[in-house]
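Data from work19.cif: mmCIF, C-alpha atoms
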```cif
data_input
loop_
_atom_site.label_atom_id
_atom_site.label_comp_id
_atom_site.auth_asym_id
_atom_site.auth_seq_id
_atom_site.Cartn_x
_atom_site.Cartn_y
_atom_site.Cartn_z
CA MET B 1 110.65 119.67 102.94
CA LYS B 2 114.14 120.03 104.22
CA LYS B 3 116.26 117.11 103.23
CA GLY B 4 117.39 115.19 106.29
CA SER B 5 115.42 117.43 108.57
CA ALA B 6 114.46 116.69 112.13
CA ALA B 7 110.98 115.86 111.11
CA VAL B 8 110.10 113.64 108.24
CA ALA B 9 107.48 116.17 107.21
CA GLU B 10 109.42 119.32 108.07
CA ASP B 11 108.22 122.49 106.35
CA ARG B 12 105.62 120.62 104.30
CA ARG B 13 103.01 123.28 104.97
CA GLY B 14 104.65 125.79 102.73
CA GLN B 15 105.30 123.43 99.87
CA ARG B 16 102.10 121.63 99.06
CA PRO B 17 98.44 121.95 99.86
CA SER B 18 96.78 120.26 102.78
CA ARG B 19 95.08 116.96 102.10
CA GLY B 20 92.11 118.24 103.91
CA GLY B 21 89.68 120.14 102.38
CA ALA B 22 89.43 123.29 101.63
CA GLY B 23 92.33 121.87 99.90
CA ALA B 24 94.27 124.25 97.76
CA GLY B 25 96.40 123.09 94.97
CA ARG B 26 94.40 120.50 93.14
CA ALA B 27 92.07 121.09 90.26
CA GLY B 28 88.65 120.96 91.77
CA GLY B 29 89.95 121.49 95.28
CA SER B 30 86.64 120.45 96.74
CA GLY B 31 88.01 119.32 100.03
CA GLY B 32 86.69 115.79 99.81
CA ARG B 33 88.68 112.86 101.11
CA GLY B 34 89.40 111.83 97.54
CA ASP B 35 91.94 114.64 97.39
CA ASP B 36 95.22 112.88 97.99
CA SER B 37 97.47 115.90 98.13
CA ARG B 38 99.25 116.17 101.42
CA GLY B 39 100.65 119.05 103.36
CA GLY B 40 99.78 118.69 106.95
CA SER B 41 101.38 120.76 109.61
CA ARG B 42 104.93 120.96 110.66
CA SER B 43 105.79 118.76 113.56
CA SER B 44 108.62 119.37 115.88
CA GLY B 45 110.22 116.06 115.13
CA GLY B 46 110.69 113.48 112.46
CA ARG B 47 108.21 109.78 111.58
CA SER B 48 101.93 101.88 111.54
CA SER B 49 100.62 99.43 111.89
CA SER B 50 103.30 96.76 112.22
CA SER B 51 104.87 96.63 115.61
CA SER B 52 108.16 95.13 116.64
CA ASP B 53 106.29 93.67 119.60
CA SER B 54 103.89 91.67 117.46
CA ARG B 55 106.13 88.66 116.90
CA GLY B 56 104.35 85.35 117.25
CA ARG B 57 105.09 83.54 120.49
CA GLY B 58 104.04 80.00 119.79
CA GLY B 59 100.87 79.12 118.01
CA ARG B 60 97.66 77.28 118.67
CA ASP B 61 98.07 73.54 118.11
CA ASP B 62 95.93 73.06 115.04
CA ALA B 63 97.15 69.53 114.29
CA PRO B 64 94.28 67.09 113.66
CA ARG B 65 93.48 64.76 116.52
CA GLY B 66 93.61 60.99 116.45
CA LYS B 67 92.40 58.33 118.83
CA GLY B 68 92.47 59.13 122.48
CA GLY B 69 92.61 62.83 121.70
CA ALA B 70 96.28 62.63 120.81
CA ALA B 71 97.72 64.85 118.09
CA ARG B 72 98.94 62.61 115.31
CA SER B 73 102.32 64.26 115.25
CA GLY B 74 102.48 65.12 118.92
CA GLY B 75 104.31 62.02 120.12
CA TYR B 76 101.58 60.62 122.42
CA GLN B 77 98.89 58.06 121.82
CA GLY B 78 96.57 56.56 124.39
CA GLY B 79 98.40 58.43 127.13
CA LYS B 80 101.78 56.80 126.39
CA LYS B 81 104.68 58.38 124.64
CA GLN B 82 105.56 56.75 121.37
CA ALA B 83 109.04 55.41 120.99
CA GLY B 84 111.42 57.88 119.41
CA ALA B 85 109.01 60.80 119.67
CA GLN B 86 110.73 64.03 120.62
CA ASP B 87 109.32 66.02 123.47
CA ARG B 88 109.17 69.44 121.86
CA PRO B 89 106.47 72.13 121.63
CA HIS B 90 104.36 72.31 118.50
CA ARG B 91 105.42 75.10 116.11
CA ASP B 92 102.82 76.66 113.89
CA ARG B 93 104.11 77.61 110.46
CA ARG B 94 102.14 80.80 110.75
CA ASP B 95 104.53 81.87 113.51
CA ASP B 96 107.40 81.65 111.06
CA LYS B 97 105.45 83.82 108.63
CA VAL B 98 104.79 86.42 111.33
CA ARG B 99 108.45 86.40 112.29
CA THR B 100 109.44 86.79 108.65
CA VAL B 101 107.17 89.82 108.22
CA ASP B 102 108.34 91.36 111.48
CA GLN B 103 111.96 90.77 110.57
CA ALA B 104 111.44 92.52 107.25
CA VAL B 105 109.93 95.50 109.07
CA TYR B 106 112.82 95.51 111.54
CA ASP B 107 115.44 95.34 108.79
CA GLY B 108 113.74 98.09 106.79
CA PRO B 109 114.69 99.11 103.25
CA ASP B 110 118.36 99.15 102.26
CA LEU B 111 120.23 102.17 103.55
CA PRO B 112 122.23 104.16 101.00
CA GLU B 113 125.88 104.26 102.00
CA ASP B 114 126.03 108.03 101.75
CA ILE B 115 123.38 108.48 104.46
CA THR B 116 125.15 108.60 107.82
CA GLY B 117 122.54 110.07 110.16
CA ALA B 118 124.53 113.27 110.50
CA GLU B 119 121.94 114.83 108.19
CA LEU B 120 119.49 115.04 111.09
CA ASP B 121 119.04 118.15 113.17
CA ARG B 122 121.19 118.33 116.26
CA GLY B 123 118.14 118.20 118.51
CA VAL B 124 117.02 114.91 117.00
CA ARG B 125 120.44 113.35 117.35
CA ALA B 126 120.46 114.46 120.97
CA GLN B 127 117.24 112.51 121.61
CA LEU B 128 118.92 109.38 120.31
CA LYS B 129 121.93 109.62 122.61
CA GLY B 130 120.25 107.49 125.25
CA LEU B 131 120.53 104.51 122.92
CA PRO B 132 123.63 102.33 122.54
CA GLU B 133 125.95 103.92 120.01
CA LYS B 134 125.49 101.44 117.17
CA LEU B 135 121.74 101.31 117.67
CA ALA B 136 121.50 105.11 117.72
CA ALA B 137 123.48 105.28 114.49
CA ARG B 138 121.16 102.81 112.77
CA VAL B 139 118.03 104.61 113.92
CA ALA B 140 119.47 107.95 112.82
CA ARG B 141 120.24 106.62 109.35
CA HIS B 142 116.69 105.31 108.92
CA LEU B 143 115.22 108.64 110.02
CA ALA B 144 117.55 110.55 107.69
CA ALA B 145 116.64 108.24 104.79
CA ALA B 146 112.95 108.83 105.50
CA GLY B 147 113.54 112.56 105.39
CA MET B 148 115.23 112.25 102.03
CA LEU B 149 112.43 110.14 100.54
CA ILE B 150 109.28 111.62 102.05
CA ASP B 151 108.26 113.61 98.97
CA GLU B 152 109.34 111.28 96.17
CA ASP B 153 108.53 107.91 97.76
CA PRO B 154 106.47 108.34 100.96
CA GLU B 155 105.77 104.61 101.28
CA LYS B 156 109.46 103.77 101.35
CA ALA B 157 110.04 106.63 103.78
CA TYR B 158 107.36 105.10 105.98
CA GLN B 159 109.11 101.72 105.89
CA HIS B 160 112.32 103.41 107.04
CA THR B 161 110.50 104.95 109.99
CA LEU B 162 109.04 101.57 110.90
CA ALA B 163 112.55 100.17 111.03
CA ALA B 164 113.55 103.03 113.33
CA ARG B 165 110.49 102.51 115.49
CA ALA B 166 111.15 98.79 115.79
CA ARG B 167 114.47 99.68 117.42
CA ALA B 168 113.50 102.76 119.44
CA SER B 169 109.75 102.89 120.01
CA ARG B 170 110.05 104.81 123.29
CA ILE B 171 111.65 107.89 121.75
CA ALA B 172 109.17 110.61 120.84
CA VAL B 173 110.97 111.86 117.75
CA VAL B 174 110.89 108.34 116.29
CA ARG B 175 107.13 108.10 116.83
CA GLU B 176 106.74 111.54 115.25
CA ALA B 177 108.66 110.31 112.24
CA ALA B 178 106.48 107.22 111.92
CA GLY B 179 103.32 109.29 112.23
CA GLU B 180 104.31 111.91 109.70
CA ALA B 181 105.55 109.37 107.17
CA ALA B 182 102.39 107.29 107.64
CA TYR B 183 100.35 110.42 106.94
CA ALA B 184 102.36 111.19 103.82
CA ALA B 185 101.86 107.62 102.60
CA GLY B 186 98.12 107.71 103.25
CA HIS B 187 98.09 105.38 106.27
CA TYR B 188 95.87 107.64 108.31
CA ALA B 189 94.92 105.30 111.16
CA GLU B 190 98.58 104.46 111.75
CA ALA B 191 99.55 108.13 111.54
CA LEU B 192 96.97 109.04 114.15
CA SER B 193 98.15 106.27 116.48
CA GLU B 194 101.81 107.24 116.16
CA LEU B 195 101.24 110.95 116.66
CA ARG B 196 99.06 110.29 119.67
CA ALA B 197 101.91 108.26 121.13
CA ALA B 198 104.40 111.05 120.45
CA LYS B 199 102.08 113.59 122.05
CA ARG B 200 101.79 111.45 125.17
CA MET B 201 105.56 111.29 125.37
CA ASN B 202 106.42 114.95 124.92
CA GLY B 203 103.17 116.86 125.28
CA ALA B 204 103.69 118.66 121.97
CA THR B 205 100.64 120.06 120.19
CA ASP B 206 102.30 120.68 116.83
CA TYR B 207 100.77 117.50 115.48
CA LEU B 208 97.14 118.56 115.99
CA PRO B 209 96.47 119.70 112.40
CA ILE B 210 97.78 116.42 110.99
CA MET B 211 95.83 114.45 113.58
CA ALA B 212 92.67 116.39 112.72
CA ASP B 213 93.19 115.72 109.03
CA CYS B 214 93.65 112.02 109.76
CA HIS B 215 90.25 112.04 111.46
CA ARG B 216 88.80 113.57 108.30
CA ALA B 217 90.39 110.91 106.14
CA LEU B 218 88.99 108.22 108.40
CA GLY B 219 85.47 109.61 108.08
CA ASN B 220 85.32 111.35 111.45
CA PRO B 221 84.96 115.07 110.66
CA GLU B 222 83.40 115.74 114.06
CA GLN B 223 86.64 114.64 115.73
CA ALA B 224 88.61 116.87 113.37
CA ILE B 225 86.52 119.86 114.42
CA LYS B 226 86.94 118.94 118.06
CA LEU B 227 90.73 119.06 117.68
CA ALA B 228 90.47 122.33 115.77
CA LYS B 229 88.78 123.85 118.83
CA SER B 230 91.61 122.80 121.16
CA PRO B 231 92.73 125.71 123.39
CA SER B 232 96.35 125.27 122.28
CA VAL B 233 95.46 126.28 118.71
CA ALA B 234 95.18 129.89 119.86
CA ASN B 235 98.92 129.88 120.55
CA PHE B 236 99.89 128.45 117.17
CA ALA B 237 102.03 130.44 114.76
CA SER B 238 100.22 131.86 111.73
CA GLU B 239 101.12 128.96 109.45
CA ALA B 240 99.94 126.32 111.89
CA LYS B 241 96.71 128.21 112.50
CA ALA B 242 96.16 128.31 108.75
CA GLU B 243 96.65 124.55 108.57
CA MET B 244 94.06 123.98 111.24
CA THR B 245 91.66 126.40 109.56
CA LEU B 246 91.97 124.49 106.28
CA VAL B 247 91.30 121.19 108.00
CA GLU B 248 88.35 122.56 109.98
CA ALA B 249 86.80 124.11 106.88
CA GLY B 250 87.27 120.84 105.03
CA ALA B 251 85.61 118.95 107.87
CA ARG B 252 82.66 121.32 107.74
CA ARG B 253 82.34 120.65 104.04
CA ASP B 254 82.54 116.91 104.66
CA MET B 255 79.47 117.35 106.85
CA GLY B 256 77.66 119.38 104.18
CA GLN B 257 78.04 122.61 106.16
CA ILE B 258 79.24 124.89 103.38
CA ASP B 259 78.13 128.09 105.13
CA ALA B 260 79.99 127.08 108.28
CA ALA B 261 83.07 126.33 106.16
CA LEU B 262 82.89 129.82 104.67
CA ARG B 263 82.57 131.40 108.11
CA THR B 264 85.58 129.43 109.32
CA LEU B 265 87.69 130.68 106.43
CA GLU B 266 86.44 134.26 106.79
CA LEU B 267 87.93 134.34 110.29
CA ALA B 268 91.37 133.63 108.82
CA PRO B 269 93.72 136.39 107.54
CA LEU B 270 92.61 136.15 103.92
CA THR B 271 93.69 139.73 103.20
CA SER B 272 97.15 139.37 104.71
CA LYS B 273 99.83 141.19 102.74
CA SER B 274 102.05 138.15 103.06
CA ARG B 275 102.70 136.10 99.94
CA SER B 276 103.49 132.97 101.94
CA SER B 277 102.09 129.71 100.71
CA TRP B 278 99.71 129.44 103.65
CA VAL B 279 98.00 132.68 102.58
CA VAL B 280 97.80 131.40 99.02
CA ARG B 281 96.14 128.23 100.19
CA LEU B 282 93.68 130.00 102.47
CA ARG B 283 92.57 132.23 99.61
CA TYR B 284 92.24 129.29 97.26
CA ALA B 285 90.20 127.36 99.81
CA TYR B 286 87.90 130.32 100.25
CA ALA B 287 87.44 130.75 96.49
CA ASP B 288 86.72 127.06 96.13
CA ALA B 289 84.13 127.14 98.92
CA LEU B 290 82.47 130.20 97.40
CA GLU B 291 82.10 128.37 94.11
CA ALA B 292 80.67 125.35 95.90
CA ALA B 293 78.16 127.66 97.56
CA GLY B 294 77.05 128.95 94.15
CA ARG B 295 78.63 132.39 94.59
CA GLU B 296 80.53 132.29 91.32
CA SER B 297 81.24 136.01 90.97
CA ASP B 298 82.79 136.13 94.45
CA ALA B 299 84.68 132.92 93.73
CA LEU B 300 86.11 134.41 90.54
CA ALA B 301 87.37 137.45 92.42
CA TRP B 302 89.10 135.28 95.03
CA PHE B 303 90.65 132.97 92.45
CA HIS B 304 92.18 136.09 90.91
CA ARG B 305 93.38 137.27 94.33
CA THR B 306 94.91 133.86 94.89
CA HIS B 307 96.70 133.84 91.55
CA ALA B 308 98.05 137.34 92.20
CA ILE B 309 100.23 136.06 95.07
CA ASP B 310 100.81 132.49 93.88
CA SER B 311 104.21 133.06 92.29
CA ASP B 312 105.20 129.42 92.79
CA GLU B 313 101.97 128.20 91.19
CA ILE B 314 101.12 125.82 94.00
CA THR B 315 97.45 126.10 93.05
CA ASP B 316 95.50 126.05 89.80
CA ALA B 317 93.81 129.34 90.65
CA ALA B 318 94.46 130.83 87.20
CA ALA B 319 92.86 127.87 85.46
CA ARG B 320 89.88 127.92 87.82
CA ALA B 321 89.38 131.63 87.19
CA ASP B 322 89.56 131.12 83.44
CA LEU B 323 86.98 128.34 83.61
CA LEU B 324 84.59 130.50 85.61
CA GLU B 325 85.02 133.43 83.20
CA ARG B 326 84.17 131.24 80.22
CA ARG B 327 81.18 129.84 82.05
CA GLN B 328 79.89 133.34 82.81
CA SER B 329 80.49 134.74 79.32
#
```
Render the structure in this file as structure tokens.
Amino acid sequence: MKKGSAAVAEDRRGQRPSRGGAGAGRAGGSGGRGDDSRGGSRSSGGRSSSSSDSRGRGGRDDAPRGKGGAARSGGYQGGKKQAGAQDRPHRDRRDDKVRTVDQAVYDGPDLPEDITGAELDRGVRAQLKGLPEKLAARVARHLAAAGMLIDEDPEKAYQHTLAARARASRIAVVREAAGEAAYAAGHYAEALSELRAAKRMNGATDYLPIMADCHRALGNPEQAIKLAKSPSVANFASEAKAEMTLVEAGARRDMGQIDAALRTLELAPLTSKSRSSWVVRLRYAYADALEAAGRESDALAWFHRTHAIDSDEITDAAARADLLERRQS
């Protein structure tokens, strides 16, 4: 990921395997939801559960009742106000707790002094210009901090994006940031909600692979496949198409449709001459699915083909091939 990039998850596709399925890069790589490696697709911007709008506004009066239906501490008894009682609304202590939690979300983690917000892409900073200057600067610093932390501490990155969202929830790039950081931190329902919001705001389709993978993680593979069949996928760049293929194949495997998963992967450019990470991961996913289907000789061949172009060793293809060879000997 680019440090301080426009998107919290910028360029993650090429650096680590997709969480979903067909999942290259983890030993076993079976594509089940237990695989916690993340890659997702690249979004055009940076970014759930806690909302800045969820502050408590007065609570239910839970004080026990005395004679005449009067609350013991409410200042009335028998329809007459007691002497010295103050006429003030009841305040539930739970409201204070809600406010405390919301304030912590709003404040966000401490911001390192060396993060200024200038680390963000120019396009992102431009989207923040509609905010008051000081507010824009604060939001920018939280987004930049999230970008710096997304790989090493995704949960903290997520908290930074929540602080940005609490201040600027109507800006698409902020919702993107919250969604992508939520995804990286494993908060899949929140990620889906935030990316849906961003898509409503700007109409972008770049988030579809991540959204589909969130559906997988939430136990809804049918919805993942539905997104994979979206007409806009046909216009995706090669990397984004590969991401969606990996997620769709993983969803098929979630549903026990191993043959359908293989067919999905066979439609991808497995024999591309490119050595890009997305080709590596497609090949690995195919080899893994072949092994799951009991086609060990074919799987061995594809693990070798994967290893041949995996110069950065983003997968364990060599180890998987060695294991199969020993099993067959």
For this session: Might you spell out which residues the PyMOL selection byres ((chain B and resi 133-142) around 9) would select in the displayed file, as a ChimeraX atom specification?
Result: /B:108-109,111-112,115-120,124-125,128-132,143-147,157,159-165,167-168,174
Problem set entry | Expected residue set, 12 Å radius at (95.3, 134.2, 95.6), only C-alpha atoms, as a PyMOL selection string | chain B and resi 24-25+270-288+299-318+320-321
Reference answer for the PyMOL selection byres ((chain B and resi 259) around 12), as a short mmCIF file (atom, residue, chain, number, x, y, z; two decimals) with C-alpha atoms, in the frame of the given file:
```
data_model
loop_
_atom_site.label_atom_id
_atom_site.label_comp_id
_atom_site.auth_asym_id
_atom_site.auth_seq_id
_atom_site.Cartn_x
_atom_site.Cartn_y
_atom_site.Cartn_z
CA ALA B 249 86.80 124.11 106.88
CA GLY B 250 87.27 120.84 105.03
CA ARG B 252 82.66 121.32 107.74
CA ARG B 253 82.34 120.65 104.04
CA MET B 255 79.47 117.35 106.85
CA GLY B 256 77.66 119.38 104.18
CA GLN B 257 78.04 122.61 106.16
CA ILE B 258 79.24 124.89 103.38
CA ALA B 260 79.99 127.08 108.28
CA ALA B 261 83.07 126.33 106.16
CA LEU B 262 82.89 129.82 104.67
CA ARG B 263 82.57 131.40 108.11
CA THR B 264 85.58 129.43 109.32
CA LEU B 265 87.69 130.68 106.43
CA GLU B 266 86.44 134.26 106.79
CA TYR B 286 87.90 130.32 100.25
CA ALA B 289 84.13 127.14 98.92
CA LEU B 290 82.47 130.20 97.40
CA GLU B 291 82.10 128.37 94.11
CA ALA B 292 80.67 125.35 95.90
CA ALA B 293 78.16 127.66 97.56
CA GLY B 294 77.05 128.95 94.15
CA ARG B 295 78.63 132.39 94.59
#
```
Could you put an axis-aligned box around every listed atom of region 184-203 of chain B, padded by 5 Å on each side, and send me its centre and edge lengths in Å to one decimal, as JSON?
```
{"center_x": 100.7, "center_y": 110.7, "center_z": 114.0, "size_x": 21.5, "size_y": 22.4, "size_z": 32.8}
```
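The two atoms in question, CA of Leu227 (chain B) and CA of Glu194 (chain B), are spaced 16.3 Å apart.
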Exercise. Which value, in Å to one decimal, gives the distance between CA of Ala217 (chain B) and CA of Ala166 (chain B)?
Worked result: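 For CA of Ala217 (chain B) relative to CA of Ala166 (chain B), the distance reads 25.9 Å.
You will find CA of Gly179 (chain B) at 6.6 Å from CA of Leu192 (chain B).
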For this session: Identify which of the residues B:Ala237, B:Pro269, B:Met211, B:Thr205 lies closest to Ser193 (chain B), counting all atoms listed in the file when measuring atom-to-atom distances.
Result: B:Met211
Problem set entry | From B:Ile225, B:Ile150, B:Ala251, B:Cys214, residue lying nearest Tyr188 (chain B) [only C-alpha atoms] |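 Of the candidates, the smallest distance to Tyr188 (chain B) is held by B:Cys214.
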Exercise. Which one is closest to Ala172 (chain B): B:Pro231, B:Asp151, B:Leu246, B:Leu195? Count all atoms listed in the file.
Worked result: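 Among the listed residues, B:Leu195 lies closest to Ala172 (chain B).
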Please evaluate the PyMOL selection byres ((chain B and resi 233) around 12) against the structure above and give the resulting residues as a short mmCIF file (atom, residue, chain, number, x, y, z; two decimals) with C-alpha atoms, in the frame of the given file.
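In the end it all went to expr09.cif:
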```
data_model
loop_
_atom_site.label_atom_id
_atom_site.label_comp_id
_atom_site.auth_asym_id
_atom_site.auth_seq_id
_atom_site.Cartn_x
_atom_site.Cartn_y
_atom_site.Cartn_z
CA ALA B 204 103.69 118.66 121.97
CA THR B 205 100.64 120.06 120.19
CA ASP B 206 102.30 120.68 116.83
CA TYR B 207 100.77 117.50 115.48
CA LEU B 208 97.14 118.56 115.99
CA PRO B 209 96.47 119.70 112.40
CA ALA B 212 92.67 116.39 112.72
CA ILE B 225 86.52 119.86 114.42
CA LYS B 226 86.94 118.94 118.06
CA LEU B 227 90.73 119.06 117.68
CA ALA B 228 90.47 122.33 115.77
CA LYS B 229 88.78 123.85 118.83
CA SER B 230 91.61 122.80 121.16
CA PRO B 231 92.73 125.71 123.39
CA SER B 232 96.35 125.27 122.28
CA ALA B 234 95.18 129.89 119.86
CA ASN B 235 98.92 129.88 120.55
CA PHE B 236 99.89 128.45 117.17
CA ALA B 237 102.03 130.44 114.76
CA SER B 238 100.22 131.86 111.73
CA GLU B 239 101.12 128.96 109.45
CA ALA B 240 99.94 126.32 111.89
CA LYS B 241 96.71 128.21 112.50
CA ALA B 242 96.16 128.31 108.75
CA GLU B 243 96.65 124.55 108.57
CA MET B 244 94.06 123.98 111.24
CA THR B 245 91.66 126.40 109.56
CA GLU B 248 88.35 122.56 109.98
#
```
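The list of residues with at least one atom within 6 Å of region 181-186 of chain B, based on only C-alpha atoms and without residues fewer than 4 positions apart in the same chain, reads B:Arg47, B:Pro154, B:Glu155, B:Tyr158, B:Ala191.
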Exercise. With only C-alpha atoms as the atoms that count, which of B:Asp110, B:Asp254, B:Glu180, B:Glu325 lies nearest to Asn220 (chain B)?
Worked result: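 Looking only at the distances to Asn220 (chain B), the closest residue turns out to be B:Asp254.
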